[in-house]
Structures are given as structure tokens and as C-alpha cells.
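Structure file run-v4.txt (compact mmCIF, C-alpha atoms) is printed below.
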```txt
# COMPACT_ATOMS: atom_id res chain seq x y z
CA MET A 22 -0.36 -4.23 -3.50
CA PRO A 23 -4.03 -3.76 -2.50
CA ALA A 24 -5.28 -5.82 0.42
CA SER A 25 -7.21 -9.00 -0.30
CA SER A 26 -11.00 -8.81 -0.33
CA SER A 27 -11.17 -10.92 2.84
CA ASP A 28 -9.43 -8.24 4.90
CA ALA A 29 -10.96 -5.17 6.48
CA PRO A 30 -10.67 -2.46 3.84
CA VAL A 31 -7.67 -0.16 4.07
CA VAL A 32 -8.51 3.39 3.03
CA VAL A 33 -6.06 6.26 2.64
CA ILE A 34 -7.59 9.73 3.02
CA ALA A 35 -5.38 12.44 1.50
CA PRO A 36 -7.31 15.67 0.83
CA ASP A 37 -6.21 19.26 0.56
CA SER A 38 -8.00 21.89 2.64
CA PHE A 39 -11.38 23.26 1.63
CA LYS A 40 -10.32 26.90 1.69
CA GLY A 41 -12.58 29.15 3.72
CA SER A 42 -14.24 26.13 5.29
CA LEU A 43 -12.16 23.23 6.66
CA GLY A 44 -8.47 22.51 7.01
CA ALA A 45 -7.07 19.38 5.39
CA SER A 46 -7.02 17.50 8.71
CA GLU A 47 -10.66 18.42 9.33
CA VAL A 48 -11.63 17.30 5.83
CA ALA A 49 -9.84 13.99 6.37
CA ALA A 50 -11.54 13.48 9.75
CA ALA A 51 -14.99 14.13 8.28
CA ILE A 52 -14.41 11.65 5.45
CA ALA A 53 -13.11 9.09 7.95
CA GLU A 54 -16.29 9.48 10.02
CA GLY A 55 -18.44 8.68 7.00
CA ILE A 56 -16.35 5.64 6.07
CA ARG A 57 -16.63 4.23 9.59
CA ARG A 58 -20.41 4.55 9.51
CA ALA A 59 -20.48 2.18 6.55
CA ARG A 60 -17.49 0.01 7.48
CA PRO A 61 -16.62 0.29 11.19
CA GLU A 62 -13.82 -2.22 10.76
CA ALA A 63 -12.07 -0.19 8.04
CA ARG A 64 -8.42 0.58 8.65
CA ILE A 65 -8.04 4.27 7.85
CA ARG A 66 -4.78 6.08 7.19
CA LEU A 67 -4.95 9.87 7.30
CA CYS A 68 -2.54 11.86 5.13
CA PRO A 69 -3.72 15.51 5.00
CA MET A 70 -2.20 17.18 1.94
CA ALA A 71 -1.30 20.63 0.65
CA ASP A 72 0.44 21.95 -2.44
CA GLY A 73 2.42 24.93 -1.21
CA GLY A 74 -0.53 27.17 -0.40
CA GLU A 75 -2.60 27.61 2.73
CA GLY A 76 -2.33 24.61 5.02
CA THR A 77 1.13 23.51 3.88
CA LEU A 78 2.70 24.23 7.24
CA ASP A 79 0.09 22.12 9.05
CA ALA A 80 0.52 19.27 6.58
CA MET A 81 4.30 19.28 6.95
CA LEU A 82 3.90 19.00 10.73
CA CYS A 83 1.94 15.75 10.32
CA GLY A 84 5.29 13.98 10.09
CA GLY A 85 6.42 15.44 13.42
CA GLY A 86 7.94 18.71 14.52
CA THR A 87 6.90 21.79 16.46
CA ARG A 88 5.01 24.97 15.69
CA ARG A 89 6.92 28.18 16.33
CA ARG A 90 5.47 31.69 16.68
CA ILE A 91 7.56 34.45 15.11
CA ALA A 92 7.08 38.23 15.13
CA VAL A 93 6.79 39.38 11.50
CA ARG A 94 5.48 42.30 9.50
CA GLY A 95 2.38 41.63 7.45
CA ALA A 96 1.93 42.71 3.85
CA ALA A 97 0.84 46.19 5.00
CA GLY A 98 3.76 46.51 7.43
CA ALA A 99 1.96 45.97 10.74
CA THR A 100 3.80 43.69 13.18
CA ARG A 101 2.05 40.52 14.29
CA GLU A 102 2.82 36.90 15.11
CA ALA A 103 2.82 34.17 12.48
CA ALA A 104 3.54 30.46 12.62
CA ALA A 105 6.53 28.61 11.24
CA ALA A 106 7.38 24.92 11.62
CA LEU A 107 10.54 23.33 12.94
CA LEU A 108 10.87 19.77 11.61
CA PRO A 109 12.62 16.82 13.27
CA ASP A 110 15.52 16.92 10.79
CA GLY A 111 16.40 20.49 11.80
CA SER A 112 14.81 22.14 8.77
CA ALA A 113 12.00 24.69 8.94
CA VAL A 114 8.89 25.61 6.97
CA VAL A 115 7.72 29.15 6.24
CA GLU A 116 4.31 29.58 4.63
CA THR A 117 3.64 32.64 2.48
CA ALA A 118 -0.12 32.37 3.01
CA GLU A 119 0.45 32.53 6.76
CA ILE A 120 2.58 35.70 6.66
CA VAL A 121 1.47 37.76 3.65
CA GLY A 122 -1.58 35.78 2.59
CA ILE A 123 -4.41 36.92 0.39
CA THR A 124 -6.88 36.02 3.15
CA ASP A 125 -5.34 38.58 5.53
CA SER A 126 -7.76 41.51 5.60
CA GLY A 127 -5.12 43.81 7.08
CA GLY A 128 -2.71 43.25 4.24
CA MET A 129 -5.42 43.36 1.61
CA GLY A 130 -6.66 46.61 3.12
CA VAL A 131 -3.91 48.63 1.43
CA PRO A 132 -3.33 48.84 -2.34
CA VAL A 133 -1.18 46.11 -3.84
CA ILE A 134 1.48 48.69 -4.76
CA ALA A 135 1.93 49.38 -1.03
CA ARG A 136 2.33 45.74 0.07
CA SER A 137 5.62 43.93 0.54
CA THR A 138 7.12 40.62 1.60
CA VAL A 139 9.26 41.99 4.45
CA GLY A 140 7.52 39.56 6.80
CA MET A 141 8.93 36.63 4.88
CA GLY A 142 12.42 37.99 5.44
CA ASP A 143 11.59 38.58 9.13
CA ALA A 144 10.67 34.92 9.50
CA ILE A 145 13.76 33.69 7.68
CA ARG A 146 16.04 35.91 9.76
CA ALA A 147 14.48 34.61 12.99
CA LEU A 148 15.05 31.03 11.84
CA LEU A 149 18.65 31.80 10.90
CA ASP A 150 19.11 33.17 14.43
CA GLU A 151 17.97 29.79 15.75
CA GLY A 152 20.58 28.00 13.68
CA VAL A 153 18.30 26.69 10.94
CA ARG A 154 20.11 26.28 7.64
CA ARG A 155 17.51 24.47 5.53
CA ILE A 156 14.22 26.25 4.92
CA TYR A 157 11.17 25.18 2.94
CA VAL A 158 9.22 28.15 1.63
CA ALA A 159 5.61 27.43 0.64
CA LEU A 160 4.79 29.97 -2.06
CA GLY A 161 1.03 29.75 -2.57
CA GLY A 162 -1.62 32.25 -1.56
CA SER A 163 0.35 35.50 -1.47
CA SER A 164 -1.22 38.97 -1.51
CA THR A 165 2.01 40.64 -2.64
CA ASN A 166 3.56 41.53 -5.99
CA ASP A 167 6.98 42.98 -5.09
CA ALA A 168 9.41 40.54 -6.77
CA GLY A 169 10.60 39.49 -3.32
CA ALA A 170 12.07 42.95 -2.66
CA GLY A 171 10.66 42.96 0.87
CA LEU A 172 12.11 39.56 1.73
CA LEU A 173 15.56 40.64 0.57
CA ALA A 174 15.30 44.04 2.28
CA ALA A 175 14.54 42.35 5.61
CA LEU A 176 17.69 40.30 5.07
CA GLY A 177 19.92 43.31 4.45
CA LEU A 178 19.39 44.49 0.86
CA ARG A 179 19.22 48.28 0.41
CA ILE A 180 17.20 49.80 -2.41
CA LEU A 181 18.26 53.36 -3.26
CA ASP A 182 16.93 56.20 -5.39
CA ALA A 183 19.01 58.49 -7.61
CA ASP A 184 20.01 60.61 -4.60
CA GLY A 185 21.11 57.60 -2.57
CA ALA A 186 18.10 57.69 -0.26
CA ALA A 187 16.71 54.37 0.94
CA LEU A 188 13.40 53.25 -0.55
CA GLU A 189 10.68 51.03 0.87
CA PRO A 190 10.53 47.59 -0.81
CA THR A 191 7.08 48.10 -2.34
CA PRO A 192 6.11 48.21 -6.02
CA GLU A 193 5.18 51.88 -5.60
CA ALA A 194 8.66 52.81 -4.32
CA LEU A 195 10.58 50.41 -6.59
CA ALA A 196 9.61 52.58 -9.54
CA GLN A 197 12.12 55.15 -8.17
CA ALA A 198 14.96 52.67 -7.67
CA ALA A 199 18.30 53.69 -9.21
CA ARG A 200 20.54 51.02 -7.66
CA VAL A 201 20.60 48.31 -5.04
CA ASP A 202 23.28 47.64 -2.46
CA ALA A 203 23.62 43.95 -1.69
CA SER A 204 26.70 44.28 0.51
CA GLY A 205 24.61 44.04 3.68
CA LEU A 206 22.80 40.83 2.81
CA ASP A 207 22.93 38.40 5.71
CA ALA A 208 26.12 36.36 5.30
CA ARG A 209 24.39 33.27 6.72
CA LEU A 210 22.34 33.01 3.52
CA ALA A 211 25.39 31.57 1.76
CA GLN A 212 25.29 28.58 4.12
CA THR A 213 21.52 28.14 3.90
CA SER A 214 19.64 25.96 1.44
CA PHE A 215 16.13 26.90 0.37
CA VAL A 216 13.44 24.71 -1.16
CA ALA A 217 10.70 26.67 -2.90
CA MET A 218 7.40 24.77 -2.84
CA THR A 219 5.17 25.72 -5.78
CA ASP A 220 3.37 24.37 -8.81
CA VAL A 221 3.76 27.70 -10.62
CA ASP A 222 6.23 27.86 -13.51
CA ASN A 223 5.62 31.44 -14.62
CA PRO A 224 8.49 33.90 -15.14
CA LEU A 225 8.65 37.14 -13.18
CA THR A 226 7.60 39.51 -15.96
CA GLY A 227 5.85 39.58 -19.32
CA GLU A 228 2.47 38.35 -20.49
CA HIS A 229 2.86 35.13 -18.50
CA GLY A 230 4.48 36.82 -15.52
CA ALA A 231 3.45 37.42 -11.94
CA THR A 232 1.68 40.74 -12.50
CA ALA A 233 -0.24 39.86 -15.66
CA VAL A 234 -1.38 36.41 -14.54
CA PHE A 235 -1.76 36.61 -10.77
CA GLY A 236 -1.94 40.35 -10.13
CA PRO A 237 -5.67 40.80 -10.79
CA GLN A 238 -6.67 38.44 -7.96
CA LYS A 239 -4.58 40.60 -5.61
CA GLY A 240 -6.12 43.88 -6.70
CA VAL A 241 -4.00 44.90 -9.68
CA THR A 242 -6.24 46.76 -12.13
CA PRO A 243 -5.90 46.35 -15.91
CA GLU A 244 -4.37 49.83 -16.11
CA GLN A 245 -1.73 48.93 -13.50
CA VAL A 246 -0.47 45.73 -15.12
CA ALA A 247 1.96 47.33 -17.58
CA PRO A 248 3.51 49.91 -15.23
CA ILE A 249 3.92 47.45 -12.35
CA ASP A 250 5.39 44.86 -14.70
CA ALA A 251 7.86 47.45 -16.01
CA THR A 252 8.80 48.39 -12.43
CA LEU A 253 9.53 44.77 -11.54
CA ALA A 254 11.57 44.32 -14.71
CA HIS A 255 13.62 47.42 -13.86
CA PHE A 256 14.18 46.22 -10.30
CA ALA A 257 15.14 42.77 -11.55
CA ASP A 258 17.76 44.26 -13.85
CA LEU A 259 19.31 46.20 -10.97
CA LEU A 260 19.21 43.25 -8.60
CA GLU A 261 20.63 40.68 -11.00
CA ALA A 262 23.50 43.02 -11.82
CA ALA A 263 24.22 43.58 -8.12
CA LEU A 264 24.11 39.86 -7.35
CA GLU A 265 25.97 38.68 -10.44
CA ARG A 266 28.59 36.76 -8.47
CA ARG A 267 25.87 35.10 -6.41
CA VAL A 268 23.88 33.81 -9.38
CA GLN A 269 26.77 32.86 -11.65
CA ASN A 270 27.87 29.25 -11.73
CA GLU A 271 30.71 27.57 -13.58
CA ALA A 272 28.80 27.75 -16.86
CA ALA A 273 27.70 31.38 -17.32
CA ARG A 274 23.93 31.68 -17.43
CA GLU A 275 22.50 32.68 -20.77
CA ARG A 276 19.06 33.46 -19.40
CA ARG A 277 18.11 36.09 -16.89
CA VAL A 278 16.96 34.75 -13.56
CA ARG A 279 13.72 36.67 -13.90
CA ASP A 280 12.87 34.54 -16.97
CA GLU A 281 13.32 31.21 -15.20
CA ALA A 282 10.39 28.97 -14.38
CA GLY A 283 8.90 29.79 -11.00
CA ALA A 284 10.37 33.29 -10.75
CA GLY A 285 6.83 34.65 -10.91
CA ALA A 286 5.53 32.52 -8.05
CA ALA A 287 3.99 34.43 -5.13
CA GLY A 288 4.22 37.80 -6.84
CA GLY A 289 7.91 37.33 -7.56
CA LEU A 290 9.02 35.75 -4.29
CA GLY A 291 10.19 32.95 -6.52
CA PHE A 292 12.56 35.40 -8.22
CA ALA A 293 14.17 36.39 -4.92
CA LEU A 294 14.51 32.77 -3.85
CA ARG A 295 16.07 31.80 -7.16
CA LEU A 296 18.67 34.50 -6.58
CA LEU A 297 19.35 32.91 -3.20
CA GLY A 298 19.96 29.57 -4.88
CA ALA A 299 16.67 27.89 -4.01
CA ARG A 300 15.70 24.58 -5.53
CA PHE A 301 12.13 24.51 -6.81
CA LYS A 302 9.96 21.47 -6.13
CA PRO A 303 6.25 20.80 -6.60
CA GLY A 304 4.70 21.63 -3.25
CA ALA A 305 2.39 18.62 -3.18
CA GLU A 306 5.29 16.25 -3.83
CA VAL A 307 7.22 17.66 -0.88
CA VAL A 308 4.14 17.29 1.34
CA ALA A 309 3.45 13.75 0.07
CA ARG A 310 6.91 12.73 1.18
CA ALA A 311 6.57 14.51 4.53
CA VAL A 312 3.25 12.83 5.41
CA GLY A 313 4.40 9.37 4.27
CA LEU A 314 1.83 8.99 1.52
CA ASP A 315 3.62 6.15 -0.27
CA ALA A 316 3.95 4.13 2.92
CA ALA A 317 0.26 4.71 3.65
CA LEU A 318 -0.70 3.46 0.19
CA ASP A 319 1.21 0.20 0.67
CA GLY A 320 -1.45 -2.49 0.99
CA ALA A 321 -4.33 -0.04 0.65
CA ASP A 322 -7.59 -0.72 -1.17
CA TRP A 323 -8.71 2.82 -1.89
CA LEU A 324 -7.60 6.45 -1.82
CA ILE A 325 -9.99 9.36 -1.30
CA THR A 326 -8.68 12.83 -2.03
CA GLY A 327 -10.24 16.20 -2.75
CA GLU A 328 -10.13 19.98 -2.46
CA GLY A 329 -12.51 22.92 -2.24
CA ARG A 330 -13.09 23.04 -5.99
CA SER A 331 -11.71 20.82 -8.73
CA ASP A 332 -11.30 21.84 -12.37
CA THR A 333 -8.67 21.38 -15.06
CA GLN A 334 -6.15 23.26 -12.90
CA THR A 335 -6.28 20.32 -10.51
CA LEU A 336 -4.27 18.36 -13.08
CA HIS A 337 -1.42 20.89 -12.93
CA GLY A 338 0.28 19.74 -9.75
CA LYS A 339 -2.53 20.31 -7.25
CA ALA A 340 -2.58 18.08 -4.19
CA PRO A 341 -5.44 15.75 -5.28
CA PHE A 342 -3.73 15.03 -8.58
CA ILE A 343 -0.38 14.31 -6.95
CA ALA A 344 -2.10 12.00 -4.44
CA CYS A 345 -3.84 10.27 -7.35
CA ARG A 346 -0.56 9.75 -9.21
CA HIS A 347 1.03 8.15 -6.17
CA ALA A 348 -2.02 5.91 -5.80
CA GLN A 349 -1.78 4.85 -9.45
CA VAL A 350 1.84 3.82 -8.96
CA ALA A 351 0.76 1.75 -5.95
CA GLY A 352 -2.11 0.18 -7.90
CA VAL A 353 -4.73 1.80 -5.68
CA PRO A 354 -7.91 3.32 -7.16
CA ALA A 355 -8.37 7.01 -6.32
CA THR A 356 -11.69 8.80 -5.88
CA LEU A 357 -12.07 12.58 -5.96
CA LEU A 358 -14.44 14.09 -3.39
CA SER A 359 -14.31 17.88 -3.70
CA GLY A 360 -16.55 20.68 -2.51
CA ALA A 361 -17.37 21.42 -6.14
CA VAL A 362 -16.36 19.79 -9.42
CA ASP A 363 -16.41 21.77 -12.65
CA PRO A 364 -18.67 19.78 -15.03
CA ALA A 365 -16.60 20.91 -18.00
CA ALA A 366 -13.51 19.33 -16.42
CA LEU A 367 -15.09 15.92 -15.77
CA PRO A 368 -13.83 14.25 -18.97
CA ARG A 369 -10.23 15.12 -18.18
CA LEU A 370 -10.50 14.45 -14.45
CA SER A 371 -12.11 11.08 -15.15
CA GLU A 372 -9.03 10.00 -17.08
CA HIS A 373 -7.23 9.85 -13.74
CA PHE A 374 -9.77 9.43 -10.93
CA SER A 375 -12.08 6.48 -10.33
CA GLY A 376 -15.05 8.76 -9.95
CA CYS A 377 -15.38 12.46 -9.22
CA PHE A 378 -17.98 13.59 -6.69
CA SER A 379 -19.24 16.60 -4.76
CA PRO A 380 -20.80 16.23 -1.29
CA ALA A 381 -23.63 18.68 -2.05
CA PRO A 382 -26.89 16.68 -2.20
CA GLY A 383 -28.70 19.43 -4.07
CA PRO A 384 -28.80 23.18 -4.66
CA MET A 385 -27.57 25.20 -1.67
CA THR A 386 -25.96 28.53 -0.96
CA LEU A 387 -22.21 28.79 -0.49
CA ASP A 388 -22.71 29.88 3.11
CA VAL A 389 -24.67 26.72 3.89
CA ALA A 390 -22.12 24.53 2.08
CA ILE A 391 -19.32 26.06 4.15
CA ARG A 392 -21.27 25.82 7.39
CA ASP A 393 -22.24 22.18 6.88
CA ALA A 394 -19.10 21.03 5.07
CA ALA A 395 -18.07 18.42 7.64
CA LYS A 396 -21.51 16.81 7.75
CA LEU A 397 -21.86 16.86 3.97
CA LEU A 398 -18.45 15.24 3.54
CA ALA A 399 -19.19 12.54 6.09
CA ASP A 400 -22.54 11.73 4.46
CA ALA A 401 -21.00 11.56 1.00
CA ALA A 402 -18.10 9.42 2.19
CA GLU A 403 -20.53 7.00 3.82
CA GLN A 404 -22.45 6.52 0.60
CA LEU A 405 -19.30 6.22 -1.50
CA THR A 406 -17.99 3.57 0.88
CA ARG A 407 -21.21 1.56 0.66
CA MET A 408 -20.95 1.69 -3.12
CA ARG A 409 -17.22 0.95 -3.24
CA PHE A 410 -17.36 -2.11 -0.94
CA HIS A 411 -20.86 -3.35 -1.79
CA GLY A 412 -21.17 -7.05 -1.03
CA ARG A 413 -17.75 -7.26 0.57
```
Starting from the file, lay out its structure as C-alpha cells.
Amino acid sequence: MPASSSDAPVVVIAPDSFKGSLGASEVAAAIAEGIRRARPEARIRLCPMADGGEGTLDAMLCGGGTRRRIAVRGAAGATREAAAALLPDGSAVVETAEIVGITDSGGMGVPVIARSTVGMGDAIRALLDEGVRRIYVALGGSSTNDAGAGLLAALGLRILDADGAALEPTPEALAQAARVDASGLDARLAQTSFVAMTDVDNPLTGEHGATAVFGPQKGVTPEQVAPIDATLAHFADLLEAALERRVQNEAARERRVRDEAGAGAAGGLGFALRLLGARFKPGAEVVARAVGLDAALDGADWLITGEGRSDTQTLHGKAPFIACRHAQVAGVPATLLSGAVDPAALPRLSEHFSGCFSPAPGPMTLDVAIRDAAKLLADAAEQLTRMRFHGR
């Protein structure tokens, strides 16, 4: 229940990151600064959020745990270090955006048909070596489109051409695949549980699949969509046949794994994880539980959430919407404070949020907005707080 009006206001701050500008913790801190200017006595509870994309690893660590550096191969194959998280319960978090992310200039520097997810498999193997047997995989923000071939290859899968020669696990090479040999897959995978964190429900292939829907933002040209999609479909047929015993359960599956919801997440990483038995969960819901959002909302007066840009996609499982839903259950009004808000989306957003705002006081360039994001957020939060608790 919300606190009584005689108490110091209790405000929960639960934003996602402002990509390219501030991390979720930095956004939350800036908003908190503005609130304290208006109400120094306010009791503020910080719950930085994420939805499976960039920043998920940091958000999951808010509940405790340690950051671990692991040697991995990036999307272009170059070895580097990337972060993973070891949580207090013995589980681990691997973030796709951290290892083969679309913001990595090295990975994006080669054509999408030459990129792979081997680094994801490198990270998982390293965690298996440490005894981890429960792994959360955050699937947002990938630069790859290889149906998870790289991940599986790093874990022992062999992809072979018609002459029996080994192929690289890239879309370019997969077009030559004649069979796959799954006999060398790491045996520890059978004792490992995976949780795939994503709000994507696309299949692997087809008009709603990974290549057609998400490929263009990774560099797939219109002319490449059909041939790459066909390559992934061919690879999926080979892989599902090779792993038939692994994917069968007591009731024989009528649908191909590649057609299941989420198989198209992260350029098909979802497909590979489904074959490994992963359970799929909305990324923001997993993070909300990890950061203790419901406990923070208990007795609160107000929730502020936000992201870099809000539009109708926000209502499809993005972190601000999930935070808002939890606030509604707790009877706490939720305000959206995002870097930008699509005017066309305001009617739908306003059905859920108690006000939708941008911190920009007037026209400005993107560079200035990014540079001054913390100050702009603090100023906006101060004014919103004065309005929200006027006369209190």
C-alpha cells in the first residue's frame, strides 16, 4: 500500500539504460538527484532495470554477486575479455550484447555473413569449467545471425561439408553444410539448465524470422535476406535431425524447434538454446525479481521509470512497461521519463503510465542530449517531483 501523505515520500526509481548515453544505474542516480532537490527527505529506492539487452548483466548484479572476466572470441573471431556475472545462488549471467553486441565496432567491421556466436559458447564453457550449472543468457543486442551455430561449435558441435571437411560456424560457411556431428557436444550440457532472457517471440526463419525482421539492423541487405534465411533453414534441418534424441520429450513434438517462439532471438541464438532445453522468460521480469522490485514497491508512493526512447514497442515487454505493471499491482502510480517519447505512441502509453515525459527542455542535437543527459534527467525529475507532491 502507498505510504500515507504525512510520511516522507517513498519513490522507486526503476529505469532501463539510455543506450549510448547512460547506464541504468547512472540514469537512476540522476533522477534521484533531481528528486532530492525538491524533496530532500524523500526515501528513494533504486532498482536499475534491463530487459535482456545491454545492461542486463549490471542489473542482475544489483542483487549481489561478482563480475567475472572471461576470454572469448568476438563476433569477428578476435579474442578479447568480456564480463559475465556469478550470482549468490551459484548461477551465472552471460550477456549477448557484451560478447557479440551490435555496438562492438570490431564485430560490426566484418560482413554479417562472416560473424558468429562462438564467443557465447566460449563463455558458457568457461562457466561450466567453474562448476556453474544454471546459466541466464540475456539475448538482446546481438550483431550476429548464425542460428547459434557458433555457440554450439564452441561447445563441441562439428559442421561438415559434403567431403567431410569442417566448416566455420558462420552464415557464409553454413551454406555449404552437408551434415553436423553432435557427438562431441560437451556432456556437461545435459546437467545444465539455461534461462533465455528475451522479449522476442519470433521463429528462426520465414517472414517473421531472425533474418527478415532483425537482419537489416545488423547489416543484412534486402538481397541477402532470402539466401541467408534459406541457409539457416537448411542448417536447422540438419541440426534438429542430429539432435533428435535431445529435443524429443515423452510426447513427440509436432512442430520444428526452429518454428517455436523465441527461436529467432539474437539472430537465432534462441534456436540453439531451445535445442539445449532452455526455458524462455521475459528478460525484464527476470531482472525485476533479481533487483527486488516488488519489495521496493511495498509502501511506495511513486515509481519513475524510463528508457532512451519510448514508443509502442515499449508495451511489448520492455523494462519500463514491466516496471509499470508491477507498480500497478502494488497500487503505485508510475511515471515514464524517457530520453524521447514518440508522440504517436502517447495515447497507448498513457493508458498505462501516469504521465509520459522527456527531459529535453527544447530543441537540441542528439550529441548535446547525450552529453547532458544526467543534468537533463535531474532537472526534469526535480520538476516532476514538485508537481507530484505539490502542497504535501
So that each row is one residue of stretch 196-269 of chain A with an atom at most 12 Å from stretch 99-113 of chain A, can you give its shortest atom pair and the distance in Å to one decimal, using only C-alpha atoms, rows by chain and rising number, as JSON lines?
```
{"residue": "A:Thr213", "atom": "CA", "partner": "A:Ser112", "partner_atom": "CA", "distance": 10.2}
{"residue": "A:Ser214", "atom": "CA", "partner": "A:Ser112", "partner_atom": "CA", "distance": 9.6}
{"residue": "A:Phe215", "atom": "CA", "partner": "A:Ser112", "partner_atom": "CA", "distance": 9.7}
{"residue": "A:Val216", "atom": "CA", "partner": "A:Ala113", "partner_atom": "CA", "distance": 10.2}
```
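Considering the residues A:Ala97, A:Leu78, A:Ala203, A:Ile249 and counting all atoms listed in the file, A:Thr117 has its shortest atom-to-atom contact with A:Leu78.
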**Item:** Close residues, A:Gly127 itself excluded, 12 Å, all atoms listed in the file, min 4 positions apart in chain, as a PyMOL selection string
**Value:** chain A and resi 94-101+120-123+131-133+136+164
Would you mind exporting the chosen residues as a CSV table (one decimal), keeping the file's coordinate frame, restricted to C-alpha atoms?
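out_33.csv written:
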```
chain,number,residue,atom,x,y,z
A,94,ARG,CA,5.5,42.3,9.5
A,95,GLY,CA,2.4,41.6,7.4
A,96,ALA,CA,1.9,42.7,3.8
A,97,ALA,CA,0.8,46.2,5.0
A,98,GLY,CA,3.8,46.5,7.4
A,99,ALA,CA,2.0,46.0,10.7
A,100,THR,CA,3.8,43.7,13.2
A,101,ARG,CA,2.0,40.5,14.3
A,120,ILE,CA,2.6,35.7,6.7
A,121,VAL,CA,1.5,37.8,3.6
A,122,GLY,CA,-1.6,35.8,2.6
A,123,ILE,CA,-4.4,36.9,0.4
A,131,VAL,CA,-3.9,48.6,1.4
A,132,PRO,CA,-3.3,48.8,-2.3
A,133,VAL,CA,-1.2,46.1,-3.8
A,136,ARG,CA,2.3,45.7,0.1
A,164,SER,CA,-1.2,39.0,-1.5
```
**Atom-to-atom span, atom CA of A:Leu397 and atom CA of A:Pro341, Å** =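 Here the two named atoms are 18.9 Å from each other.
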**Prompt:** Just how far from atom CA of A:Ala211 is atom CA of A:Asp150, in Å to one decimal?
**Reply:**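 Atom CA of A:Ala211 lies 14.2 Å from atom CA of A:Asp150.
Look at A:Ala186: the protein and nucleic acid residues within 12 Å of it, using all atoms listed in the file and passing over chain neighbours fewer than 3 places away, are Arg179, Ile180, Leu181, Asp182, Ala183, Glu189, Ala194, Gln197, Ala198, Ala199, Arg200, Val201 and Asp202 of chain A.
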**Message:** Need the shell around stretch 372-374 of chain A: protein/DNA/RNA residues with any atom at most 8 Å away, counting only C-alpha atoms. Skip same-chain ones fewer than 5 positions apart. Format as a list in words?
**Reply:** Cys345, Pro354, Ala355, Thr356 and Leu357 of chain A
Write out as a PDB file with C-alpha atoms, in the frame of the given file the residues lying within 8 Å of A:Met70, counting only C-alpha atoms and excluding same-chain residues fewer than 6 positions away.
```
ATOM      1  CA  ALA A  35      -5.380  12.440   1.500  1.00  0.00           C
ATOM      2  CA  PRO A  36      -7.310  15.670   0.830  1.00  0.00           C
ATOM      3  CA  ASP A  37      -6.210  19.260   0.560  1.00  0.00           C
ATOM      4  CA  SER A  38      -8.000  21.890   2.640  1.00  0.00           C
ATOM      5  CA  ALA A  45      -7.070  19.380   5.390  1.00  0.00           C
ATOM      6  CA  THR A  77       1.130  23.510   3.880  1.00  0.00           C
ATOM      7  CA  ALA A  80       0.520  19.270   6.580  1.00  0.00           C
ATOM      8  CA  ALA A 305       2.390  18.620  -3.180  1.00  0.00           C
ATOM      9  CA  VAL A 308       4.140  17.290   1.340  1.00  0.00           C
ATOM     10  CA  ALA A 309       3.450  13.750   0.070  1.00  0.00           C
ATOM     11  CA  VAL A 312       3.250  12.830   5.410  1.00  0.00           C
ATOM     12  CA  ALA A 340      -2.580  18.080  -4.190  1.00  0.00           C
TER      13      ALA A 340
END
```
**Residue with smallest distance to A:Ala257 - pool A:Leu188, A:Ala293, A:Ala344, A:Leu178, counting only C-alpha atoms** =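 For A:Ala257, the nearest of the candidates is A:Ala293.
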Residues within 10 Å of A:Ala51, all atoms listed in the file, excluding chain neighbours under 6 positions, as a PDB file with C-alpha atoms, keeping the file's coordinate frame:
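This went into out24.pdb:
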```
ATOM      1  CA  LEU A  43     -12.160  23.230   6.660  1.00  0.00           C
ATOM      2  CA  ALA A  45      -7.070  19.380   5.390  1.00  0.00           C
ATOM      3  CA  ALA A 394     -19.100  21.030   5.070  1.00  0.00           C
ATOM      4  CA  ALA A 395     -18.070  18.420   7.640  1.00  0.00           C
ATOM      5  CA  LYS A 396     -21.510  16.810   7.750  1.00  0.00           C
ATOM      6  CA  LEU A 397     -21.860  16.860   3.970  1.00  0.00           C
ATOM      7  CA  LEU A 398     -18.450  15.240   3.540  1.00  0.00           C
ATOM      8  CA  ALA A 399     -19.190  12.540   6.090  1.00  0.00           C
ATOM      9  CA  ASP A 400     -22.540  11.730   4.460  1.00  0.00           C
ATOM     10  CA  ALA A 401     -21.000  11.560   1.000  1.00  0.00           C
ATOM     11  CA  ALA A 402     -18.100   9.420   2.190  1.00  0.00           C
TER      12      ALA A 402
END
```
**Message:** My list of candidates is A:Pro190, A:Gly320, A:Gly76, A:Gly304. Which is closest to A:Thr138 when distances are computed with all atoms listed in the file?
**Reply:** A:Pro190
**Item:** Pairwise distance for atom CA of A:Ser379 and atom CA of A:Glu328, rounded to one decimal in Å
**Value:** 10.0 Å
**Complete:** Across A:Gln212, A:Thr191, A:Ser371, A:Gln349, the smallest distance to A:Thr335, with only C-alpha atoms counted, is shown by A:Ser371
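Across A:Ser375, A:Gln404, A:Ser46, A:Thr242, the tightest approach to A:Ala348 is made by A:Ser375 when counting all atoms listed in the file.
Residue nearest A:Phe256, chosen from A:Ala174, A:Leu336, A:Leu405, A:Leu195 and counting only C-alpha atoms: A:Leu195.
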What box, with edges along x, y and z, holds each listed atom of stretch 112-118 of chain A when 8 Å is added on every side, and can you state its centre and edge lengths in Å to one decimal, as lines of an AutoDock Vina configuration file?
```
center_x = 7.3
center_y = 27.4
center_z = 5.7
size_x = 30.9
size_y = 26.5
size_z = 22.5
```
